[in-house]
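Text of work-v8.cif, listed as mmCIF, C-alpha atoms and all ligand atoms:
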```
data_run
#
loop_
_atom_site.label_atom_id
_atom_site.label_comp_id
_atom_site.auth_asym_id
_atom_site.auth_seq_id
_atom_site.Cartn_x
_atom_site.Cartn_y
_atom_site.Cartn_z
CA MET Z 1 8.23 -34.74 -16.73
CA PRO Z 2 6.13 -32.12 -14.92
CA ILE Z 3 2.36 -32.58 -15.07
CA TYR Z 4 0.11 -29.60 -15.73
CA ASN Z 5 -3.59 -29.97 -15.11
CA PHE Z 6 -5.71 -27.69 -17.33
CA SER Z 7 -9.03 -29.03 -16.07
CA ALA Z 8 -11.96 -26.61 -15.84
CA GLY Z 9 -12.96 -28.03 -12.46
CA PRO Z 10 -12.30 -29.61 -10.10
CA ALA Z 11 -9.03 -28.02 -10.96
CA VAL Z 12 -5.39 -27.47 -10.12
CA LEU Z 13 -4.55 -26.45 -6.56
CA PRO Z 14 -1.27 -24.92 -5.34
CA GLN Z 15 1.40 -27.58 -4.78
CA PRO Z 16 2.45 -26.11 -1.42
CA VAL Z 17 -1.14 -26.44 -0.21
CA ILE Z 18 -1.34 -30.09 -1.24
CA ALA Z 19 1.94 -30.73 0.59
CA GLN Z 20 0.65 -28.95 3.69
CA ILE Z 21 -2.54 -31.00 3.65
CA GLN Z 22 -0.53 -34.19 3.30
CA ALA Z 23 1.79 -33.35 6.18
CA ALA Z 24 -1.05 -32.35 8.49
CA LEU Z 25 -3.46 -35.12 7.56
CA PRO Z 26 -2.68 -37.66 10.33
CA SER Z 27 -2.72 -35.17 13.19
CA PHE Z 28 -4.30 -31.76 12.90
CA GLN Z 29 -2.52 -29.17 15.08
CA ASN Z 30 -0.91 -32.01 17.07
CA SER Z 31 -4.34 -33.08 18.28
CA GLY Z 32 -3.73 -36.72 17.40
CA MET Z 33 -6.83 -36.50 15.18
CA SER Z 34 -7.07 -35.88 11.46
CA ILE Z 35 -8.91 -32.87 10.05
CA LEU Z 36 -11.06 -35.58 8.49
CA GLU Z 37 -12.14 -36.70 11.96
CA ILE Z 38 -12.64 -33.60 14.05
CA SER Z 39 -15.98 -32.18 15.09
CA HIS Z 40 -17.26 -29.07 13.39
CA ARG Z 41 -18.14 -27.86 16.89
CA SER Z 42 -14.56 -28.20 18.13
CA ASP Z 43 -12.39 -25.19 18.97
CA LEU Z 44 -9.94 -26.49 16.39
CA PHE Z 45 -12.45 -26.16 13.57
CA GLU Z 46 -13.88 -22.92 14.93
CA GLN Z 47 -10.44 -21.42 14.34
CA VAL Z 48 -10.27 -22.87 10.82
CA ILE Z 49 -13.58 -21.40 9.68
CA ASN Z 50 -13.00 -18.06 11.39
CA ASP Z 51 -9.56 -17.73 9.78
CA ALA Z 52 -10.98 -18.67 6.38
CA GLU Z 53 -13.65 -15.98 6.65
CA GLN Z 54 -11.19 -13.34 7.85
CA ASP Z 55 -8.66 -14.16 5.14
CA LEU Z 56 -11.38 -13.97 2.50
CA ARG Z 57 -12.54 -10.63 3.92
CA ASP Z 58 -8.97 -9.32 3.81
CA LEU Z 59 -8.32 -10.54 0.26
CA MET Z 60 -11.55 -9.15 -1.22
CA ALA Z 61 -11.87 -6.16 1.13
CA ILE Z 62 -15.39 -7.31 1.95
CA PRO Z 63 -17.32 -4.48 3.65
CA ASP Z 64 -18.78 -5.09 7.12
CA ASN Z 65 -22.35 -5.00 5.85
CA TYR Z 66 -21.77 -8.17 3.83
CA ARG Z 67 -22.12 -11.64 5.29
CA VAL Z 68 -19.88 -14.53 4.26
CA LEU Z 69 -21.63 -17.90 4.18
CA PHE Z 70 -20.24 -21.38 3.62
CA PHE Z 71 -22.67 -23.54 1.68
CA GLN Z 72 -22.75 -26.93 0.01
CA GLY Z 73 -24.62 -27.81 -3.17
CA GLY Z 74 -22.29 -26.10 -5.63
CA GLY Z 75 -22.95 -23.08 -7.78
CA THR Z 76 -26.02 -24.94 -8.99
CA LEU Z 77 -27.83 -24.80 -5.65
CA GLN Z 78 -27.29 -21.04 -5.59
CA PHE Z 79 -29.30 -20.80 -8.82
CA THR Z 80 -32.21 -21.78 -6.55
CA ALA Z 81 -31.12 -20.09 -3.33
CA ALA Z 82 -30.58 -16.67 -4.92
CA PRO Z 83 -34.13 -16.21 -6.22
CA LEU Z 84 -35.69 -17.76 -3.11
CA ASN Z 85 -33.81 -15.38 -0.82
CA LEU Z 86 -33.58 -12.23 -2.91
CA ALA Z 87 -36.43 -12.21 -5.43
CA THR Z 88 -39.04 -11.76 -2.72
CA ASN Z 89 -40.72 -8.52 -3.83
CA HIS Z 90 -41.85 -9.18 -7.38
CA HIS Z 91 -40.51 -12.69 -7.98
CA HIS Z 92 -38.97 -11.28 -11.12
CA ILE Z 93 -35.31 -11.21 -12.11
CA GLY Z 94 -33.32 -10.02 -15.11
CA LEU Z 95 -30.73 -12.25 -16.71
CA LEU Z 96 -27.79 -11.63 -18.98
CA ASP Z 97 -27.73 -14.64 -21.25
CA SER Z 98 -24.02 -15.26 -21.65
CA GLY Z 99 -24.23 -19.01 -22.24
CA HIS Z 100 -24.63 -22.34 -20.52
CA TRP Z 101 -24.38 -21.38 -16.85
CA ALA Z 102 -26.51 -18.26 -17.21
CA GLN Z 103 -29.22 -20.35 -18.85
CA ARG Z 104 -29.01 -22.92 -16.09
CA ALA Z 105 -29.48 -20.13 -13.56
CA GLY Z 106 -32.55 -18.90 -15.43
CA ASP Z 107 -34.03 -22.41 -15.61
CA GLU Z 108 -33.63 -23.00 -11.89
CA ALA Z 109 -35.10 -19.61 -11.00
CA GLN Z 110 -38.17 -20.44 -13.10
CA ARG Z 111 -38.53 -23.77 -11.33
CA VAL Z 112 -39.19 -21.94 -8.09
CA GLY Z 113 -41.76 -19.65 -9.67
CA THR Z 114 -39.53 -16.69 -10.51
CA LYS Z 115 -40.22 -14.76 -13.69
CA VAL Z 116 -37.02 -14.41 -15.71
CA THR Z 117 -36.56 -11.61 -18.23
CA VAL Z 118 -33.59 -11.99 -20.56
CA LEU Z 119 -32.11 -8.49 -20.77
CA GLY Z 120 -29.58 -9.32 -23.44
CA SER Z 121 -28.12 -12.37 -25.11
CA SER Z 122 -25.16 -13.26 -27.26
CA ALA Z 123 -26.72 -16.56 -28.38
CA ALA Z 124 -26.94 -15.30 -31.99
CA THR Z 125 -23.13 -15.27 -32.20
CA HIS Z 126 -22.69 -18.51 -30.25
CA PHE Z 127 -21.69 -16.61 -27.10
CA ASP Z 128 -18.43 -15.43 -28.66
CA ARG Z 129 -18.89 -12.16 -26.75
CA LEU Z 130 -20.63 -10.81 -23.68
CA PRO Z 131 -24.27 -9.84 -23.94
CA VAL Z 132 -25.24 -6.23 -23.31
CA ILE Z 133 -28.46 -4.97 -21.79
CA GLU Z 134 -30.71 -4.26 -24.78
CA GLN Z 135 -33.78 -2.83 -23.07
CA PRO Z 136 -34.68 -0.35 -20.33
CA LEU Z 137 -34.64 -2.02 -16.94
CA ASP Z 138 -38.08 -2.87 -15.58
CA PRO Z 139 -38.21 -1.38 -12.07
CA THR Z 140 -39.91 -4.54 -10.78
CA LEU Z 141 -36.73 -6.56 -11.23
CA ASP Z 142 -35.63 -7.88 -7.84
CA TYR Z 143 -32.11 -8.28 -9.18
CA VAL Z 144 -30.04 -8.83 -12.30
CA HIS Z 145 -28.13 -12.10 -12.60
CA LEU Z 146 -24.80 -12.13 -14.36
CA THR Z 147 -22.03 -14.68 -14.82
CA THR Z 148 -18.69 -12.93 -14.40
CA ASN Z 149 -16.75 -15.69 -16.13
CA ASN Z 150 -18.28 -18.06 -18.64
CA THR Z 151 -16.33 -21.23 -18.04
CA ILE Z 152 -17.47 -23.01 -21.19
CA GLU Z 153 -17.59 -20.15 -23.70
CA GLY Z 154 -14.41 -18.42 -22.46
CA THR Z 155 -15.78 -14.91 -21.92
CA MET Z 156 -15.28 -12.75 -18.84
CA THR Z 157 -16.73 -9.45 -17.72
CA THR Z 158 -14.92 -6.76 -15.78
CA ASP Z 159 -17.13 -3.84 -16.92
CA LEU Z 160 -20.28 -4.36 -14.91
CA PRO Z 161 -23.65 -3.34 -16.34
CA ALA Z 162 -25.22 -0.23 -14.83
CA THR Z 163 -28.33 -1.42 -13.01
CA GLY Z 164 -28.88 1.55 -10.71
CA ASP Z 165 -30.63 0.50 -7.52
CA ILE Z 166 -31.32 -3.00 -8.79
CA PRO Z 167 -28.81 -5.33 -7.12
CA LEU Z 168 -26.40 -7.36 -9.20
CA VAL Z 169 -26.16 -11.06 -8.42
CA ALA Z 170 -22.93 -12.58 -9.69
CA ASP Z 171 -22.12 -16.18 -10.37
CA MET Z 172 -18.34 -15.94 -9.92
CA SER Z 173 -17.79 -19.69 -9.81
CA SER Z 174 -14.91 -19.73 -12.27
CA ASN Z 175 -13.10 -16.47 -11.59
CA PHE Z 176 -13.66 -16.01 -7.88
CA LEU Z 177 -10.36 -14.68 -6.49
CA GLY Z 178 -8.88 -14.85 -9.98
CA GLU Z 179 -9.96 -11.35 -10.93
CA SER Z 180 -10.42 -8.26 -8.74
CA TYR Z 181 -13.93 -6.95 -8.24
CA ARG Z 182 -15.37 -4.41 -5.82
CA VAL Z 183 -17.70 -6.35 -3.56
CA SER Z 184 -19.91 -3.31 -2.95
CA ASP Z 185 -20.88 -3.37 -6.65
CA PHE Z 186 -22.86 -6.55 -5.95
CA GLY Z 187 -25.82 -7.56 -3.83
CA LEU Z 188 -24.75 -11.18 -3.90
CA ILE Z 189 -21.69 -13.07 -5.07
CA PHE Z 190 -21.49 -16.84 -5.08
CA ALA Z 191 -18.91 -19.33 -6.26
CA GLY Z 192 -18.39 -23.06 -6.11
CA ALA Z 193 -14.93 -23.64 -4.64
CA GLN Z 194 -13.70 -26.30 -7.04
CA LYS Z 195 -12.78 -23.99 -9.91
CA ASN Z 196 -10.34 -21.66 -8.25
CA LEU Z 197 -10.43 -21.96 -4.48
CA GLY Z 198 -10.33 -25.51 -3.20
CA PRO Z 199 -11.81 -28.98 -3.43
CA ALA Z 200 -15.41 -29.67 -4.44
CA GLY Z 201 -18.06 -29.64 -1.73
CA LEU Z 202 -17.91 -25.99 -0.70
CA THR Z 203 -19.67 -22.93 -2.11
CA LEU Z 204 -18.93 -19.39 -0.98
CA VAL Z 205 -21.73 -16.86 -0.64
CA ILE Z 206 -21.13 -13.17 0.00
CA VAL Z 207 -24.35 -11.26 0.47
CA ARG Z 208 -25.37 -7.75 1.45
CA GLU Z 209 -27.00 -7.92 4.85
CA ASP Z 210 -30.07 -5.80 4.05
CA LEU Z 211 -31.06 -8.09 1.17
CA ILE Z 212 -31.61 -11.17 3.33
CA GLY Z 213 -34.22 -12.14 5.87
CA HIS Z 214 -37.18 -11.12 3.70
CA ALA Z 215 -38.23 -14.58 2.54
CA GLN Z 216 -40.98 -16.54 4.25
CA GLN Z 217 -40.64 -20.20 5.15
CA LEU Z 218 -37.60 -21.26 3.19
CA PRO Z 219 -36.17 -24.75 3.50
CA SER Z 220 -33.51 -24.30 6.19
CA MET Z 221 -30.69 -25.44 3.95
CA LEU Z 222 -31.49 -22.66 1.47
CA ASP Z 223 -31.99 -19.87 3.98
CA TYR Z 224 -29.25 -17.22 3.85
CA GLN Z 225 -30.50 -15.53 7.03
CA LEU Z 226 -30.39 -18.80 8.95
CA PHE Z 227 -26.90 -19.56 7.68
CA ALA Z 228 -25.81 -16.05 8.65
CA ASP Z 229 -27.33 -16.39 12.14
CA LYS Z 230 -25.73 -19.82 12.65
CA HIS Z 231 -22.34 -18.83 11.21
CA SER Z 232 -22.77 -21.46 8.49
CA MET Z 233 -23.11 -24.19 11.11
CA PHE Z 234 -26.82 -24.87 11.05
CA ASN Z 235 -25.79 -28.42 10.17
CA THR Z 236 -22.42 -30.07 9.57
CA PRO Z 237 -20.44 -27.94 7.14
CA PRO Z 238 -17.94 -29.47 4.68
CA VAL Z 239 -15.12 -29.42 7.21
CA PHE Z 240 -12.31 -30.67 5.01
CA ALA Z 241 -13.22 -28.46 2.04
CA ILE Z 242 -13.31 -25.37 4.28
CA TYR Z 243 -9.94 -26.30 5.77
CA ALA Z 244 -8.36 -26.79 2.33
CA ALA Z 245 -9.88 -23.57 0.96
CA GLY Z 246 -8.53 -21.80 4.05
CA LEU Z 247 -5.02 -22.94 3.17
CA VAL Z 248 -5.48 -21.67 -0.40
CA LEU Z 249 -6.59 -18.30 0.98
CA LYS Z 250 -3.41 -18.07 3.06
CA TRP Z 251 -1.39 -19.04 -0.02
CA LEU Z 252 -3.12 -16.26 -1.98
CA LYS Z 253 -2.09 -13.75 0.66
CA GLN Z 254 1.51 -14.96 0.41
CA GLN Z 255 1.34 -14.50 -3.36
CA GLY Z 256 0.62 -10.81 -2.85
CA GLY Z 257 -3.18 -10.92 -2.72
CA LEU Z 258 -5.80 -10.35 -5.34
CA ALA Z 259 -4.18 -7.50 -7.26
CA ALA Z 260 -0.98 -9.48 -7.74
CA MET Z 261 -2.93 -12.61 -8.64
CA THR Z 262 -5.07 -10.73 -11.16
CA ALA Z 263 -1.99 -9.24 -12.84
CA ARG Z 264 -0.35 -12.65 -13.00
CA ASN Z 265 -3.49 -14.20 -14.49
CA HIS Z 266 -3.67 -11.53 -17.19
CA ALA Z 267 -0.02 -12.14 -18.09
CA LYS Z 268 -0.53 -15.93 -18.20
CA ALA Z 269 -3.59 -15.58 -20.42
CA ALA Z 270 -1.82 -13.10 -22.74
CA LEU Z 271 0.94 -15.63 -23.31
CA LEU Z 272 -1.60 -18.13 -24.67
CA TYR Z 273 -3.80 -15.64 -26.55
CA ASP Z 274 -0.75 -14.07 -28.23
CA PHE Z 275 0.27 -17.47 -29.46
CA LEU Z 276 -3.23 -18.34 -30.68
CA ASP Z 277 -3.64 -15.00 -32.47
CA GLN Z 278 -0.47 -15.44 -34.54
CA SER Z 279 -1.09 -19.14 -35.16
CA GLN Z 280 -2.07 -20.35 -38.66
CA LEU Z 281 -3.61 -23.48 -37.18
CA PHE Z 282 -5.30 -22.62 -33.88
CA THR Z 283 -7.98 -20.01 -33.25
CA ASN Z 284 -9.82 -18.69 -30.23
CA PRO Z 285 -13.31 -17.56 -31.28
CA VAL Z 286 -13.90 -14.95 -28.58
CA LYS Z 287 -14.03 -11.20 -29.21
CA ALA Z 288 -10.73 -9.85 -27.91
CA SER Z 289 -12.14 -7.44 -25.32
CA ASP Z 290 -14.37 -10.12 -23.77
CA ARG Z 291 -11.82 -12.88 -23.37
CA SER Z 292 -11.54 -14.81 -20.15
CA THR Z 293 -8.22 -14.99 -18.34
CA MET Z 294 -9.36 -18.22 -16.72
CA ASN Z 295 -10.72 -20.47 -19.46
CA VAL Z 296 -9.37 -20.33 -23.00
CA PRO Z 297 -11.21 -22.38 -25.65
CA PHE Z 298 -9.50 -22.94 -28.99
CA VAL Z 299 -9.88 -25.11 -32.10
CA THR Z 300 -8.09 -26.16 -35.25
CA GLY Z 301 -11.35 -26.35 -37.17
CA ASN Z 302 -10.86 -30.07 -37.74
CA ALA Z 303 -12.20 -32.49 -35.11
CA GLU Z 304 -9.66 -35.21 -35.93
CA LEU Z 305 -6.79 -32.80 -35.60
CA ASP Z 306 -8.24 -31.53 -32.30
CA ALA Z 307 -8.25 -35.10 -30.99
CA ALA Z 308 -4.60 -35.47 -32.04
CA VAL Z 309 -3.71 -32.23 -30.24
CA ILE Z 310 -5.32 -33.48 -27.04
CA ALA Z 311 -3.78 -36.97 -27.22
CA GLY Z 312 -0.31 -35.57 -27.93
CA ALA Z 313 -0.66 -33.04 -25.12
CA SER Z 314 -1.38 -35.82 -22.62
CA GLN Z 315 1.84 -37.52 -23.64
CA HIS Z 316 3.65 -34.28 -22.80
CA GLY Z 317 2.08 -34.04 -19.34
CA LEU Z 318 -0.45 -31.40 -20.45
CA LEU Z 319 -3.67 -32.89 -19.13
CA ASN Z 320 -7.41 -32.29 -19.45
CA LEU Z 321 -7.35 -30.02 -22.49
CA LYS Z 322 -10.48 -31.48 -24.04
CA GLY Z 323 -13.09 -28.77 -24.61
CA HIS Z 324 -16.52 -28.91 -23.04
CA ARG Z 325 -18.75 -31.44 -24.83
CA SER Z 326 -21.07 -28.67 -26.00
CA VAL Z 327 -18.36 -26.75 -27.89
CA GLY Z 328 -15.69 -29.35 -28.70
CA GLY Z 329 -12.09 -28.48 -29.51
CA MET Z 330 -9.71 -27.64 -26.68
CA ARG Z 331 -9.97 -25.59 -23.53
CA ALA Z 332 -7.11 -24.57 -21.27
CA SER Z 333 -8.12 -23.46 -17.79
CA LEU Z 334 -5.49 -21.18 -16.28
CA TYR Z 335 -6.68 -20.77 -12.70
CA ASN Z 336 -4.61 -19.16 -9.95
CA ALA Z 337 -2.62 -22.30 -9.19
CA MET Z 338 -1.54 -22.85 -12.82
CA PRO Z 339 2.08 -21.65 -12.96
CA VAL Z 340 3.32 -19.58 -15.88
CA ALA Z 341 5.64 -22.50 -16.67
CA GLY Z 342 2.54 -24.60 -17.39
CA VAL Z 343 1.22 -22.06 -19.87
CA GLN Z 344 4.65 -21.79 -21.49
CA ALA Z 345 4.84 -25.59 -21.78
CA LEU Z 346 1.42 -25.58 -23.46
CA VAL Z 347 2.42 -22.85 -25.93
CA ASP Z 348 5.67 -24.67 -26.75
CA TYR Z 349 3.78 -27.90 -27.35
CA LEU Z 350 1.15 -26.21 -29.56
CA ALA Z 351 3.84 -24.45 -31.58
CA ALA Z 352 5.67 -27.74 -32.15
CA PHE Z 353 2.39 -29.43 -33.11
CA GLU Z 354 1.65 -26.67 -35.59
CA ALA Z 355 5.11 -26.91 -37.15
CA GLN Z 356 4.55 -30.63 -37.72
CA HIS Z 357 0.99 -30.48 -38.99
CA HIS Z 358 0.68 -27.36 -41.05
C1 LIG R 401 -19.04 -24.94 -12.68
C2 LIG R 401 -19.95 -23.78 -12.70
C3 LIG R 401 -21.21 -23.81 -12.08
C4 LIG R 401 -21.79 -25.05 -11.43
O1 LIG R 401 -21.02 -25.47 -10.40
P1 LIG R 401 -21.39 -26.75 -9.52
O2 LIG R 401 -20.51 -26.51 -8.34
O3 LIG R 401 -21.03 -27.95 -10.32
O4 LIG R 401 -22.83 -26.68 -9.17
C5 LIG R 401 -21.97 -22.68 -12.09
N1 LIG R 401 -21.54 -21.56 -12.69
C6 LIG R 401 -20.34 -21.49 -13.31
C7 LIG R 401 -19.91 -20.21 -13.95
C8 LIG R 401 -19.50 -22.60 -13.33
O5 LIG R 401 -18.32 -22.53 -13.94
#
```
Show how you would write the structure in this file as structure tokens.
Ligand SMILES: *Cc1c(COP(=O)(O)O)cnc(C)c1O
Amino acid sequence: MPIYNFSAGPAVLPQPVIAQIQAALPSFQNSGMSILEISHRSDLFEQVINDAEQDLRDLMAIPDNYRVLFFQGGGTLQFTAAPLNLATNHHHIGLLDSGHWAQRAGDEAQRVGTKVTVLGSSAATHFDRLPVIEQPLDPTLDYVHLTTNNTIEGTMTTDLPATGDIPLVADMSSNFLGESYRVSDFGLIFAGAQKNLGPAGLTLVIVREDLIGHAQQLPSMLDYQLFADKHSMFNTPPVFAIYAAGLVLKWLKQQGGLAAMTARNHAKAALLYDFLDQSQLFTNPVKASDRSTMNVPFVTGNAELDAAVIAGASQHGLLNLKGHRSVGGMRASLYNAMPVAGVQALVDYLAAFEAQHH
């Protein structure tokens, strides 16, 4: 029986990449040393990190005036790093309150003395849609923070808010390289790798060059300018995670790149949403135009029945469908490495469950 992993993160990776890692693990590039053992200052690793950056630049068409940085600390550390590096003029940011991760970003910004103005919120409807900017933008905003994909609530934005000269900062943790965006629309993009790019331990930062270097006296490990100057090797970077993400980037290129991946993700998600929308048992609460292609929450409306759905799914090799603890129900994460066959298997299982229980 095939196993399909619908976890929200750490999440499914491409099978060919796992096989490549396994084959290369004892001796990297015939060096007699494992990738787990080599120095980050070695020529071998230099090639790995340079290739990873170039492949990312190719895939996202990253303009030359943007720096690519390899961080640790997850998306969460960037909630601190972004205001410390970019909110240096007025220590004031705007936030689109789209749910859990946006609120976490706001909390962390406040912890480092940044004023946070909520520009719009969809809290009143339990984040079943994207918030819209409800007030004129204060010109003292250093940037506007938005979450492009709300991993828990299952919303995703492709229409970016118009913020004029105020830079957009995007937490892309859960749809990085799963949806096409124009990098030049953003001042800063960051994403933890473990949702859609690789193993945990690595966070990608893409930042417009002119926005960095204005902060005074930052802790070194939070300093974008220092990381840019040191090519992300101020200290030991997460060598293995960068290597594995690099293999995923090469796999993405083989799959036809970001446009092909985006189209495939939309088709995969449509398969599940179409089923849910005609179902008499299952519902997805999200406004149709704001639905995520990456994370699809759904419920029966009955917690006991939800538990039965999840238990039965596990027996069919459909794993990690339990919804986030804050919303309950089910959630299927359909990241790049989830094959269409996995989504079809899920739909078939849900249809059979419905026929038995309705
Ligand atoms: C998972 C997630 C985070 C936090 O990621 P960590 O790597 O655990 O810090 C932040 N933002 C979004 C949108 C996420 O999905």
| said: Quick one: residues within 6 Å of region 307-322 of chain Z, all atoms listed in the file, excluding same-chain residues fewer than 5 positions away - as a VMD selection string? | reply: chain Z and resid 3 to 7 330 to 332
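The closest residue to Gly328 (chain Z), picked from Z:Asn175, Z:His100, Z:Gly164, Z:Glu153 and counting only C-alpha atoms, is Z:Glu153.
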| message | So that I can see what lies close to Leu146 (chain Z), please list as an MDAnalysis selection string the residues with an atom at most 12 Å from it, counting all atoms listed in the file and leaving out residues fewer than 6 positions away in the same chain. | response | chainID Z and resid 79 82 93:106 118:121 130:133 156:163 167:173 186:190
Keeping only C-alpha atoms, write the selected residues as a CSV table (one decimal), keeping the file's coordinate frame.
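Listing of selection.csv after writing:
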```
chain,number,residue,atom,x,y,z
Z,79,PHE,CA,-29.3,-20.8,-8.8
Z,82,ALA,CA,-30.6,-16.7,-4.9
Z,93,ILE,CA,-35.3,-11.2,-12.1
Z,94,GLY,CA,-33.3,-10.0,-15.1
Z,95,LEU,CA,-30.7,-12.2,-16.7
Z,96,LEU,CA,-27.8,-11.6,-19.0
Z,97,ASP,CA,-27.7,-14.6,-21.2
Z,98,SER,CA,-24.0,-15.3,-21.6
Z,99,GLY,CA,-24.2,-19.0,-22.2
Z,100,HIS,CA,-24.6,-22.3,-20.5
Z,101,TRP,CA,-24.4,-21.4,-16.8
Z,102,ALA,CA,-26.5,-18.3,-17.2
Z,103,GLN,CA,-29.2,-20.4,-18.8
Z,104,ARG,CA,-29.0,-22.9,-16.1
Z,105,ALA,CA,-29.5,-20.1,-13.6
Z,106,GLY,CA,-32.6,-18.9,-15.4
Z,118,VAL,CA,-33.6,-12.0,-20.6
Z,119,LEU,CA,-32.1,-8.5,-20.8
Z,120,GLY,CA,-29.6,-9.3,-23.4
Z,121,SER,CA,-28.1,-12.4,-25.1
Z,130,LEU,CA,-20.6,-10.8,-23.7
Z,131,PRO,CA,-24.3,-9.8,-23.9
Z,132,VAL,CA,-25.2,-6.2,-23.3
Z,133,ILE,CA,-28.5,-5.0,-21.8
Z,156,MET,CA,-15.3,-12.8,-18.8
Z,157,THR,CA,-16.7,-9.4,-17.7
Z,158,THR,CA,-14.9,-6.8,-15.8
Z,159,ASP,CA,-17.1,-3.8,-16.9
Z,160,LEU,CA,-20.3,-4.4,-14.9
Z,161,PRO,CA,-23.6,-3.3,-16.3
Z,162,ALA,CA,-25.2,-0.2,-14.8
Z,163,THR,CA,-28.3,-1.4,-13.0
Z,167,PRO,CA,-28.8,-5.3,-7.1
Z,168,LEU,CA,-26.4,-7.4,-9.2
Z,169,VAL,CA,-26.2,-11.1,-8.4
Z,170,ALA,CA,-22.9,-12.6,-9.7
Z,171,ASP,CA,-22.1,-16.2,-10.4
Z,172,MET,CA,-18.3,-15.9,-9.9
Z,173,SER,CA,-17.8,-19.7,-9.8
Z,186,PHE,CA,-22.9,-6.6,-6.0
Z,187,GLY,CA,-25.8,-7.6,-3.8
Z,188,LEU,CA,-24.8,-11.2,-3.9
Z,189,ILE,CA,-21.7,-13.1,-5.1
Z,190,PHE,CA,-21.5,-16.8,-5.1
```
| request: Could you give me the residues within 8 Å of ligand LIG 401 (chain R), counting all atoms listed in the file, as a ChimeraX atom specification? | output: /Z:8-9,73-77,101-102,147-152,171-174,191-195,200-201,203
| Atomic separation - CA of Tyr181 (chain Z) relative to CA of Gln255 (chain Z), Å | 17.7 Å
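Shell of region 16-27 of chain Z at 8 Å, with all atoms listed in the file counted and residues fewer than 5 places along the chain excluded, is Gly32, Met33, Ser34, Ile35, Leu36, Ala244, Leu247, Val248 and Trp251 of chain Z.
For the residues Z:Pro219, Z:Pro237, Z:Gly329, Z:Pro285, ranking by smallest atom-to-atom distance to Asn85 (chain Z) using all atoms listed in the file places Z:Pro219 first.
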| field | Proximity to Asn196 (chain Z) - best of Z:Val343, Z:Leu252, Z:Leu272, Z:Ala109, all atoms listed in the file | value | Z:Leu252
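Of note, CA of Ile242 (chain Z) and CA of Leu177 (chain Z) are spaced 15.5 Å apart.
Note that CA of Gly198 (chain Z) and CA of Arg291 (chain Z) are 23.8 Å apart.
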| Ala355 (chain Z) surroundings by only C-alpha atoms, 10 Å radius, close-in-sequence under 4 positions cut, as a count of residues only | 5
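The shortest atom-to-atom distance to His214 (chain Z), with only C-alpha atoms taken into account, belongs to Z:Ala87 out of Z:Thr262, Z:Gln110, Z:Ala87, Z:Ser42.
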Which polymer residues have any atom within 12 Å of an atom of Asp58 (chain Z), counting all atoms listed in the file, with same-chain residues fewer than 2 positions away left out, as a compact mmCIF listing (two decimals) with C-alpha atoms, in the frame of the given file?
```txt
# COMPACT_ATOMS: atom_id res chain seq x y z
CA ASP Z 51 -9.56 -17.73 9.78
CA ALA Z 52 -10.98 -18.67 6.38
CA GLU Z 53 -13.65 -15.98 6.65
CA GLN Z 54 -11.19 -13.34 7.85
CA ASP Z 55 -8.66 -14.16 5.14
CA LEU Z 56 -11.38 -13.97 2.50
CA MET Z 60 -11.55 -9.15 -1.22
CA ALA Z 61 -11.87 -6.16 1.13
CA ILE Z 62 -15.39 -7.31 1.95
CA PRO Z 63 -17.32 -4.48 3.65
CA ASP Z 64 -18.78 -5.09 7.12
CA LEU Z 177 -10.36 -14.68 -6.49
CA VAL Z 183 -17.70 -6.35 -3.56
CA LEU Z 249 -6.59 -18.30 0.98
CA LYS Z 250 -3.41 -18.07 3.06
CA LEU Z 252 -3.12 -16.26 -1.98
CA LYS Z 253 -2.09 -13.75 0.66
CA GLY Z 256 0.62 -10.81 -2.85
CA GLY Z 257 -3.18 -10.92 -2.72
CA LEU Z 258 -5.80 -10.35 -5.34
```
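Closest approach to Gly154 (chain Z) among Z:Asp128, Z:His92, Z:Val116, Z:Ser220: Z:Asp128, based on all atoms listed in the file.
If all atoms listed in the file are the atoms counted, then among Z:Asn235, Z:Phe127, Z:Gln254, Z:Pro83 the closest residue to Asp107 (chain Z) is Z:Pro83.
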